$ cat data_0.cif   # mmCIF, C-alpha atoms
data_structure
#
loop_
_atom_site.label_atom_id
_atom_site.label_comp_id
_atom_site.auth_asym_id
_atom_site.auth_seq_id
_atom_site.Cartn_x
_atom_site.Cartn_y
_atom_site.Cartn_z
CA MET A 144 -22.97 72.61 -12.28
CA LEU A 145 -21.12 71.71 -15.42
CA PHE A 146 -17.84 72.11 -13.59
CA ARG A 147 -19.00 69.79 -10.79
CA LYS A 148 -20.01 67.02 -13.20
CA SER A 149 -16.61 67.11 -14.84
CA LEU A 150 -14.93 66.84 -11.50
CA LEU A 151 -17.06 63.81 -10.58
CA SER A 152 -16.16 62.06 -13.83
CA ALA A 153 -12.51 62.70 -13.24
CA CYS A 154 -12.76 61.20 -9.77
CA LEU A 155 -14.42 58.07 -11.11
CA LEU A 156 -11.71 57.61 -13.67
CA VAL A 157 -8.91 57.59 -11.15
CA PRO A 158 -9.69 54.18 -9.63
CA MET A 159 -10.05 52.65 -13.12
CA ALA A 160 -6.60 53.88 -14.10
CA ALA A 161 -5.13 52.55 -10.85
CA ARG A 162 -6.72 49.14 -11.34
CA SER A 163 -3.42 47.32 -11.84
CA ASP A 164 -2.55 48.04 -8.21
CA GLU A 165 -5.79 46.58 -6.91
CA ALA A 166 -6.18 43.03 -5.64
CA GLN A 167 -8.64 40.85 -7.52
CA GLN A 168 -10.47 38.00 -5.85
CA ILE A 169 -11.34 34.49 -7.02
CA LYS A 170 -13.65 32.50 -4.79
CA ILE A 171 -13.49 28.71 -4.41
CA ASP A 172 -16.87 27.27 -3.50
CA ASN A 173 -18.27 23.75 -4.06
CA PHE A 174 -15.26 22.73 -6.16
CA THR A 175 -15.70 25.72 -8.50
CA PHE A 176 -13.62 28.83 -9.19
CA THR A 177 -15.69 32.04 -9.44
CA PRO A 178 -15.29 33.91 -11.70
CA ALA A 179 -14.08 31.12 -13.97
CA THR A 180 -12.32 33.73 -16.14
CA LEU A 181 -10.88 36.86 -14.56
CA THR A 182 -9.45 39.69 -16.69
CA VAL A 183 -6.87 41.96 -15.05
CA THR A 184 -4.15 44.38 -16.08
CA LYS A 185 -0.43 43.70 -15.73
CA GLY A 186 0.84 43.96 -12.17
CA THR A 187 -2.46 42.89 -10.58
CA ALA A 188 -2.32 40.67 -7.52
CA VAL A 189 -4.96 37.92 -7.70
CA THR A 190 -6.10 36.20 -4.52
CA TRP A 191 -7.84 32.83 -4.40
CA THR A 192 -9.78 32.07 -1.20
CA ASN A 193 -11.04 28.58 -0.36
CA HIS A 194 -14.56 28.45 1.10
CA ASP A 195 -14.89 24.65 0.87
CA ASP A 196 -14.57 22.21 3.77
CA ILE A 197 -11.81 20.42 1.89
CA PRO A 198 -8.37 21.70 0.84
CA HIS A 199 -7.63 22.93 -2.66
CA SER A 200 -4.47 24.25 -4.29
CA ILE A 201 -3.69 26.52 -7.23
CA VAL A 202 -1.46 25.27 -10.04
CA LEU A 203 -0.50 27.78 -12.75
CA THR A 204 1.20 25.29 -15.04
CA ALA A 205 2.59 27.74 -17.62
CA LEU A 206 4.17 29.87 -14.88
CA GLY A 207 5.49 26.94 -12.85
CA VAL A 208 3.54 28.24 -9.84
CA ARG A 209 2.07 25.85 -7.28
CA SER A 210 0.43 27.05 -4.08
CA LYS A 211 0.53 25.27 -0.77
CA PRO A 212 -2.67 23.38 0.04
CA LEU A 213 -5.32 25.89 1.08
CA ASP A 214 -7.44 24.75 3.98
CA THR A 215 -10.87 26.31 4.61
CA ASP A 216 -10.74 30.14 4.50
CA SER A 217 -7.05 30.12 3.53
CA ALA A 218 -5.92 32.25 0.61
CA PHE A 219 -3.15 32.33 -1.98
CA THR A 220 -2.04 35.48 -3.83
CA TYR A 221 -0.04 35.75 -7.02
CA GLN A 222 0.93 38.95 -8.83
CA PHE A 223 0.68 38.72 -12.61
CA GLU A 224 3.54 40.67 -14.23
CA LYS A 225 3.22 39.41 -17.83
CA ALA A 226 0.37 39.70 -20.30
CA GLY A 227 -1.27 36.52 -21.53
CA ASN A 228 -3.95 33.89 -20.89
CA PHE A 229 -3.03 31.82 -17.86
CA SER A 230 -5.02 28.65 -17.23
CA TYR A 231 -4.89 27.18 -13.77
CA MET A 232 -6.37 24.20 -11.93
CA CYS A 233 -6.65 22.70 -8.47
CA GLY A 234 -3.70 20.42 -7.72
CA LEU A 235 -5.92 18.07 -5.72
CA HIS A 236 -8.96 18.15 -8.00
CA PRO A 237 -7.77 18.72 -11.58
CA ALA A 238 -11.37 18.90 -12.79
CA MET A 239 -11.44 22.38 -11.27
CA HIS A 240 -10.23 24.85 -13.92
CA GLY A 241 -10.04 28.59 -14.27
CA GLN A 242 -8.30 31.25 -16.32
CA VAL A 243 -6.71 34.60 -15.63
CA VAL A 244 -6.42 36.91 -18.65
CA VAL A 245 -3.71 39.54 -18.15
CA LYS A 246 -3.79 42.57 -20.46
CA MET B 236 -14.04 -29.37 -9.27
CA SER B 237 -10.66 -27.76 -9.38
CA ILE B 238 -9.67 -25.14 -6.88
CA GLU B 239 -10.02 -22.50 -9.55
CA GLN B 240 -13.53 -23.62 -10.47
CA ASP B 241 -14.45 -23.51 -6.80
CA ARG B 242 -13.26 -19.97 -6.55
CA ARG B 243 -15.01 -18.92 -9.71
CA GLY B 244 -18.27 -20.44 -8.53
CA PHE B 245 -18.26 -19.36 -4.95
CA LEU B 246 -16.54 -16.04 -4.73
CA LYS B 247 -18.40 -14.55 -1.86
CA CYS B 248 -18.31 -11.02 -0.68
CA MET B 249 -20.08 -9.77 2.38
CA SER B 250 -20.89 -6.22 3.24
CA TRP B 251 -22.20 -5.64 6.71
CA ALA B 252 -24.18 -2.45 7.02
CA GLY B 253 -25.53 -0.97 10.23
CA SER B 254 -28.76 -2.88 9.80
CA ALA B 255 -26.81 -6.17 9.90
CA MET B 256 -28.15 -6.98 6.47
CA VAL B 257 -25.58 -8.55 4.27
CA TRP B 258 -25.38 -9.02 0.61
CA THR B 259 -23.41 -11.83 -0.86
CA VAL B 260 -22.27 -12.42 -4.36
CA ALA B 261 -22.09 -16.00 -5.55
CA GLY B 262 -20.98 -16.44 -9.12
CA GLY B 263 -21.65 -12.76 -9.77
CA ILE B 264 -25.28 -12.87 -8.61
CA PRO B 265 -25.95 -10.62 -5.63
CA ARG B 266 -28.41 -11.66 -2.95
CA SER B 267 -29.04 -10.40 0.54
CA GLN B 268 -29.27 -12.30 3.77
CA VAL B 269 -29.11 -11.65 7.47
CA ILE B 270 -25.83 -12.39 9.16
CA GLY B 271 -24.93 -12.54 12.84
CA GLN B 272 -21.65 -12.32 14.66
CA ALA B 273 -21.44 -16.13 14.72
CA ASP B 274 -20.99 -16.30 10.95
CA ALA B 275 -18.04 -13.98 11.09
CA ALA B 276 -16.50 -15.89 13.99
CA GLU B 277 -16.09 -19.04 11.90
CA ILE B 278 -13.48 -17.34 9.78
CA GLY B 279 -9.77 -18.06 10.30
CA PHE B 280 -7.24 -15.64 8.79
CA SER B 281 -8.44 -12.08 8.57
CA PHE B 282 -6.95 -8.64 8.17
CA ALA B 283 -8.46 -5.21 8.67
CA GLN B 284 -8.78 -2.21 6.39
CA VAL B 285 -8.94 1.31 7.72
CA SER B 286 -9.08 4.33 5.45
CA ASP B 287 -9.30 8.09 5.20
CA SER B 288 -8.51 9.07 8.78
CA HIS B 289 -7.81 12.67 7.57
CA LEU B 290 -6.02 13.55 10.81
CA GLY B 291 -6.17 17.33 11.15
CA PHE B 292 -9.66 17.74 9.66
CA ASN B 293 -11.81 19.73 12.11
CA LYS B 294 -14.94 20.88 10.29
CA PRO B 295 -18.45 20.69 11.83
CA VAL B 296 -19.29 17.23 10.45
CA ASN B 297 -16.53 15.76 12.65
CA THR B 298 -14.55 18.05 14.93
CA ASP B 299 -12.51 15.20 16.45
CA VAL B 300 -11.21 12.87 13.76
CA THR B 301 -8.46 11.67 16.10
CA ALA B 302 -11.11 10.27 18.45
CA THR B 303 -13.07 8.50 15.71
CA PHE B 304 -9.86 7.05 14.24
CA GLN B 305 -8.86 5.84 17.69
CA GLU B 306 -12.28 4.26 18.19
CA ALA B 307 -12.04 2.55 14.80
CA LEU B 308 -8.59 1.19 15.67
CA GLY B 309 -9.98 -0.07 18.97
CA GLN B 310 -12.61 -2.06 17.06
CA VAL B 311 -9.95 -3.42 14.74
CA VAL B 312 -7.75 -4.58 17.62
CA ALA B 313 -10.73 -6.30 19.27
CA GLN B 314 -11.25 -8.36 16.12
CA LYS B 315 -7.67 -9.69 16.35
CA PRO B 316 -6.75 -9.42 12.69
CA ALA B 317 -3.39 -10.73 11.43
CA PHE B 318 -2.48 -7.19 10.37
CA MET B 319 -4.00 -3.97 9.10
CA ILE B 320 -3.90 -1.95 5.89
CA HIS B 321 -4.54 1.79 5.69
CA THR B 322 -5.72 2.79 2.23
CA GLY B 323 -4.58 6.39 2.41
CA ASP B 324 -5.39 9.93 3.48
CA ILE B 325 -3.86 9.15 6.83
CA THR B 326 -3.49 12.93 7.21
CA HIS B 327 -5.57 15.84 5.97
CA LEU B 328 -2.75 18.25 5.03
CA SER B 329 0.48 16.19 5.24
CA THR B 330 1.83 18.19 8.19
CA PRO B 331 4.46 16.63 10.48
CA GLU B 332 2.04 16.90 13.43
CA GLN B 333 -0.69 15.02 11.57
CA PHE B 334 1.76 12.31 10.49
CA ASP B 335 3.04 12.03 14.07
CA THR B 336 -0.48 11.61 15.45
CA GLY B 337 -1.13 8.89 12.87
CA ALA B 338 2.11 7.08 13.70
CA GLN B 339 1.32 7.15 17.44
CA LEU B 340 -2.20 5.81 16.99
CA LEU B 341 -1.13 3.07 14.57
CA ARG B 342 1.80 2.04 16.77
CA ALA B 343 -0.50 1.74 19.79
CA THR B 344 -2.44 -1.06 18.06
CA ASN B 345 0.66 -3.29 18.04
CA LEU B 346 -0.49 -4.46 14.62
CA GLN B 347 1.71 -4.59 11.57
CA THR B 348 0.29 -1.88 9.27
CA TYR B 349 0.75 -1.64 5.52
CA THR B 350 -0.11 1.65 3.85
CA VAL B 351 -0.53 3.39 0.53
CA PRO B 352 -0.74 7.18 0.30
CA GLY B 353 -3.83 9.22 -0.48
CA GLU B 354 -3.55 12.57 -2.25
CA HIS B 355 -3.79 14.31 1.14
CA ASP B 356 -0.61 12.51 2.30
CA ILE B 357 1.64 13.90 -0.44
CA LEU B 358 0.79 17.61 -0.32
CA GLU B 359 4.23 18.62 0.98
CA ASP B 360 7.79 18.01 -0.26
CA ASN B 361 6.69 16.07 -3.36
CA GLY B 362 5.45 13.23 -1.17
CA LYS B 363 8.69 12.86 0.76
CA SER B 364 6.95 13.46 4.09
CA TYR B 365 4.93 10.29 3.39
CA LEU B 366 7.81 8.24 1.98
CA ASN B 367 10.13 9.13 4.87
CA ARG B 368 7.66 7.46 7.20
CA TYR B 369 6.10 4.68 5.14
CA GLY B 370 8.35 4.25 2.11
CA LYS B 371 10.84 1.75 3.53
CA GLY B 372 11.05 -1.34 1.34
CA THR B 373 8.70 0.11 -1.30
CA HIS B 374 9.28 1.07 -4.92
CA GLY B 375 8.77 4.39 -6.72
CA ASP B 376 6.14 6.50 -4.95
CA GLY B 377 5.49 3.78 -2.39
CA TRP B 378 4.10 0.75 -4.19
CA HIS B 379 4.94 -2.68 -2.80
CA SER B 380 3.82 -6.31 -2.44
CA PHE B 381 4.04 -9.03 0.18
CA ASN B 382 2.69 -12.49 0.91
CA ALA B 383 0.67 -13.53 3.94
CA HIS B 384 -1.20 -16.78 4.63
CA GLY B 385 -0.95 -17.82 0.98
CA VAL B 386 -2.46 -14.54 -0.24
CA HIS B 387 -0.42 -12.14 -2.39
CA PHE B 388 -0.98 -8.51 -1.37
CA ILE B 389 -0.19 -5.59 -3.68
CA GLY B 390 -0.25 -1.94 -2.52
CA LEU B 391 -0.53 0.47 -5.46
CA VAL B 392 -0.11 4.26 -5.58
CA ASN B 393 -2.56 6.10 -7.84
CA VAL B 394 -2.57 9.62 -6.40
CA VAL B 395 0.66 11.19 -7.64
CA ASN B 396 -0.29 12.30 -11.17
CA LEU B 397 -4.02 12.87 -11.10
CA LYS B 398 -5.52 12.99 -14.59
CA GLY B 399 -8.51 14.58 -16.28
CA ASN B 400 -11.21 15.19 -13.72
CA GLY B 401 -8.90 14.13 -10.91
CA LEU B 402 -8.85 10.47 -11.85
CA GLY B 403 -6.14 8.34 -10.29
CA ASP B 404 -3.19 7.21 -12.37
CA LEU B 405 -0.72 4.38 -11.86
CA GLY B 406 1.70 5.22 -14.66
CA ARG B 407 3.86 3.07 -16.90
CA GLU B 408 6.66 2.34 -14.41
CA GLN B 409 4.27 1.02 -11.77
CA LEU B 410 2.27 -1.01 -14.29
CA GLU B 411 5.46 -2.66 -15.57
CA TRP B 412 6.44 -3.46 -11.99
CA LEU B 413 2.99 -4.96 -11.35
CA GLU B 414 3.14 -7.15 -14.44
CA LYS B 415 6.50 -8.54 -13.31
CA ASP B 416 5.40 -8.85 -9.69
CA VAL B 417 2.60 -11.31 -10.48
CA LYS B 418 4.29 -13.11 -13.36
CA GLY B 419 5.65 -16.06 -11.38
CA LEU B 420 2.54 -16.60 -9.26
CA SER B 421 0.23 -19.58 -9.67
CA SER B 422 -3.24 -18.61 -10.93
CA SER B 423 -4.75 -20.15 -7.81
CA THR B 424 -3.01 -17.62 -5.56
CA PRO B 425 -5.62 -15.28 -4.04
CA ILE B 426 -4.71 -11.68 -4.84
CA VAL B 427 -5.54 -8.62 -2.77
CA VAL B 428 -4.83 -5.23 -4.35
CA PHE B 429 -5.16 -2.09 -2.29
CA ALA B 430 -4.86 1.54 -3.39
CA HIS B 431 -6.38 4.85 -2.36
CA VAL B 432 -8.53 5.92 -5.33
CA PRO B 433 -10.90 3.20 -6.61
CA LEU B 434 -9.26 1.25 -9.42
CA TRP B 435 -12.53 1.17 -11.35
CA ILE B 436 -14.46 4.22 -12.52
CA VAL B 437 -17.05 4.88 -9.83
CA TYR B 438 -17.98 8.42 -10.90
CA GLN B 439 -15.90 10.16 -13.52
CA ASP B 440 -17.31 13.65 -12.93
CA TRP B 441 -15.78 13.69 -9.46
CA GLY B 442 -12.56 11.93 -10.44
CA TRP B 443 -13.59 8.79 -8.55
CA GLY B 444 -11.69 6.19 -10.50
CA THR B 445 -8.29 5.32 -11.96
CA LEU B 446 -7.60 6.09 -15.61
CA ASP B 447 -5.27 3.12 -16.18
CA GLY B 448 -6.84 0.88 -13.53
CA GLY B 449 -8.16 -1.42 -16.27
CA GLN B 450 -4.59 -2.07 -17.42
CA ALA B 451 -3.64 -3.18 -13.91
CA ILE B 452 -6.66 -5.46 -13.68
CA SER B 453 -5.78 -7.02 -17.06
CA TYR B 454 -2.60 -8.44 -15.47
CA LEU B 455 -4.73 -10.06 -12.76
CA LYS B 456 -7.53 -11.57 -14.88
CA ARG B 457 -5.98 -15.08 -14.86
CA PHE B 458 -6.18 -15.34 -11.07
CA GLY B 459 -9.07 -17.21 -9.49
CA SER B 460 -9.71 -14.63 -6.78
CA VAL B 461 -8.85 -10.95 -6.93
CA THR B 462 -10.06 -8.53 -4.27
CA VAL B 463 -9.48 -4.81 -4.85
CA LEU B 464 -9.75 -2.60 -1.77
CA ASN B 465 -9.89 1.19 -1.98
CA GLY B 466 -10.82 4.27 0.03
CA HIS B 467 -11.06 7.90 -1.15
CA ILE B 468 -14.84 8.08 -1.60
CA HIS B 469 -15.74 7.64 2.10
CA GLN B 470 -18.59 5.21 1.49
CA VAL B 471 -19.06 1.53 0.73
CA MET B 472 -19.40 0.60 -2.93
CA GLN B 473 -18.90 -2.76 -4.53
CA LYS B 474 -18.66 -4.25 -7.95
CA VAL B 475 -17.95 -7.77 -9.12
CA GLU B 476 -16.41 -8.38 -12.51
CA GLY B 477 -15.64 -12.03 -13.23
CA HIS B 478 -13.20 -13.15 -10.53
CA VAL B 479 -12.50 -9.58 -9.46
CA THR B 480 -14.32 -7.99 -6.55
CA PHE B 481 -13.93 -4.22 -6.12
CA HIS B 482 -14.74 -2.76 -2.74
CA THR B 483 -14.39 0.69 -1.16
CA ALA B 484 -14.29 1.20 2.61
CA ARG B 485 -15.88 3.84 4.77
CA ALA B 486 -13.68 6.59 6.16
CA THR B 487 -12.98 6.97 9.86
CA ALA B 488 -13.17 10.79 9.52
CA PHE B 489 -16.29 11.97 7.64
CA PRO B 490 -18.69 10.77 4.94
CA GLN B 491 -18.78 12.25 1.45
CA GLY B 492 -21.72 12.89 -0.82
CA VAL B 493 -23.42 10.21 -2.88
CA PRO B 494 -22.66 10.54 -6.62
CA GLY B 495 -25.61 11.83 -8.58
CA VAL B 496 -27.31 13.06 -5.40
CA ALA B 497 -24.93 15.48 -3.65
CA LYS B 498 -23.95 18.75 -5.31
CA GLY B 499 -20.26 18.01 -4.88
CA PRO B 500 -17.76 15.43 -3.60
CA GLY B 501 -16.89 17.24 -0.35
CA PRO B 502 -17.74 16.28 3.24
CA ALA B 503 -21.44 15.47 3.54
CA PRO B 504 -23.52 16.68 6.47
CA VAL B 505 -25.17 13.99 8.57
CA PRO B 506 -28.20 14.14 10.90
CA PRO B 507 -27.24 14.99 14.50
CA GLY B 508 -25.95 11.98 16.43
CA GLU B 509 -25.65 9.76 13.36
CA LEU B 510 -22.04 10.38 12.34
CA LYS B 511 -20.84 6.96 13.44
CA ASN B 512 -23.31 5.24 11.14
CA PHE B 513 -21.34 6.73 8.26
CA LEU B 514 -17.83 5.89 9.50
CA GLY B 515 -16.24 2.50 9.90
CA THR B 516 -13.67 -0.10 9.01
CA ALA B 517 -13.62 -3.29 6.96
CA ARG B 518 -12.49 -6.76 7.89
CA ILE B 519 -11.45 -9.09 5.12
CA SER B 520 -11.26 -12.81 5.81
CA LEU B 521 -9.83 -15.74 3.95
CA VAL B 522 -12.55 -18.36 3.92
CA THR B 523 -10.91 -21.73 3.77
CA THR B 524 -13.89 -23.73 2.52
CA GLN B 525 -15.33 -22.64 -0.79
CA SER B 526 -15.08 -18.88 -0.64
CA PRO B 527 -11.59 -17.42 -0.57
CA LEU B 528 -12.30 -13.94 0.71
CA ALA B 529 -15.11 -12.19 2.48
CA ILE B 530 -15.40 -8.52 3.36
CA VAL B 531 -17.32 -7.36 6.40
CA ASP B 532 -17.82 -3.62 6.73
CA LYS B 533 -18.42 -2.42 10.23
CA PRO B 534 -19.75 1.04 11.03
CA LEU B 535 -18.36 2.73 14.13
CA ALA B 536 -21.82 2.74 15.67
CA GLY B 537 -23.45 -0.56 16.53
#
$ encode --input "data_0.cif" --output "structure tokens"
Amino acid sequence: MLFRKSLLSACLLVPMAARSDEAQQIKIDNFTFTPATLTVTKGTAVTWTNHDDIPHSIVLTALGVRSKPLDTDSAFTYQFEKAGNFSYMCGLHPAMHGQVVVK
Amino acid sequence: MSIEQDRRGFLKCMSWAGSAMVWTVAGGIPRSQVIGQADAAEIGFSFAQVSDSHLGFNKPVNTDVTATFQEALGQVVAQKPAFMIHTGDITHLSTPEQFDTGAQLLRATNLQTYTVPGEHDILEDNGKSYLNRYGKGTHGDGWHSFNAHGVHFIGLVNVVNLKGNGLGDLGREQLEWLEKDVKGLSSSTPIVVFAHVPLWIVYQDWGWGTLDGGQAISYLKRFGSVTVLNGHIHQVMQKVEGHVTFHTARATAFPQGVPGVAKGPGPAPVPPGELKNFLGTARISLVTTQSPLAIVDKPLAG
């Protein structure tokens, strides 16, 4: 039994260690990014998906990244290679803010 | 009474809702009255305003924005205006197809059309897709002015560098151009300013206003009659400030939520069969007696 438990723990740890390869999702709904702050590890691809009836876009000012306008159910993915705090906003509605923390 | 005193005293602004109730503003005091078609027919020079056609939008609230835009243009043509202005968001996503549809529909009216871009018209190529079609003879991002029937018209662009909560912004270069543009005009010249985002702050939380709009208005304060026409918010709102009347037009595509009531500024659902009560156009007339300009909003239905 003891052996089995150890094996289970080891299995659970594997996905955690591989987290940098996993895609992370940010939802856009009613002019709001959710989660507002997302923490990921270096190399993570982050995908924003627009669930509103109006287009939005993603502007990562510090990285000089600007997505195309995202119509309903369209998505934009960016892979974060550097560590840091990256604020972003909607290019059409600058009141919409979010942050990706890369560790 | 001088011409300017006349204008100050009798600035009259009419908004025609579906119920055919009208409110007028005389000397800054609003009052409502019933108006019929006959009243509007007395007017001589008029031009039409269409706005927010959002060609390419296809969500449940309006799955055929081309048809409603076409219907709105049909109403405009029937009113025989001198020309038409489109206060932006001609397209929904700035695609070539959406611009082409807009150009075809506008051309079919045989009316001269003056435009300013909305933020949805400059989503591609840094706004070049708009300017390639509508930028001829304009300055900067597409601002321009012209004279018609003794009225000076000014088209401003306030969607290029959105500020804060998404507020419109004119910027220093455009403001300097505006100051020079009106410098040589007599104060009795009626002024019509049109831009996409309202020049006054309608609702800051949703970015419904222009950060430096007050600066633009300060250059126009000496004029006896200033009418500011905007779109963007997809509903009729009005404000009178001295000689300046601010007015927003309905969209031809879909209504948006009411500030302070709706949870967000996106497309607002409407009861089945009532969409056309929430869409429409505006006709603006030069009244040659005591009131220089009147605005009649017309919903698509009725």
$ residues_near_point --input "data_0.cif" --point "(-3.5, 2.7, 17.6)" --cutoff "10 Å" --atoms "all atoms listed in the file" --output "ChimeraX atom specification"
/B:304-309,311-312,336-346
$ atom_distance --input "data_0.cif" --atom1 "atom CA of Arg457 of chain B" --atom2 "atom CA of Gln473 of chain B"
20.6 Å
$ interface_residues --input "data_0.cif" --of "chain B" --to "chain A" --cutoff "9 Å" --atoms "only C-alpha atoms" --output "list in words"
Phe292, Lys294, His327, Leu328, Glu354, His355, Leu358, Glu359, Leu397, Lys398, Gly399, Asn400, Gly401, Leu402, Asp440, Trp441, Gly442, Lys498, Gly499, Pro500, Gly501 and Pro502 of chain B
$ atom_distance --input "data_0.cif" --atom1 "atom CA of Gln314 of chain B" --atom2 "atom CA of His469 of chain B"
21.7 Å
$ resolve_selection --input "data_0.cif" --expression "the PyMOL selection byres ((chain B and resi 514) around 7)" --output "number ranges by chain"
B: 485-490, 510-513, 515, 534-535
$ residues_around --input "data_0.cif" --residues "Thr350 of chain B" --least-positions-apart "6" --cutoff "8 Å" --atoms "all atoms listed in the file" --output "list in words"
Ile320, His321, Thr322, Gly323, Tyr369 and Gly390 of chain B
$ resolve_selection --input "data_0.cif" --expression "the PyMOL selection byres ((chain A and resi 182) around 7)" --output "list in words"
Thr180, Leu181, Val183, Val243, Val244 and Val245 of chain A
$ residues_around --input "data_0.cif" --residues "Lys185 of chain A" --least-positions-apart "6" --cutoff "7 Å" --atoms "only C-alpha atoms" --output "list in words"
Ser163, Phe223, Glu224, Lys225, Ala226, Val245 and Lys246 of chain A
$ resolve_selection --input "data_0.cif" --expression "the PyMOL selection byres ((chain B and resi 461-466) around 8)" --output "PyMOL selection string"
chain B and resi 286-287+322-323+425-434+455+458-460+467-470+478-486+528
$ residues_near_point --input "data_0.cif" --point "(-2.4, 27.6, -11.9)" --cutoff "9 Å" --atoms "all atoms listed in the file" --output "PyMOL selection string"
chain A and resi 200-210+229-234+240-242
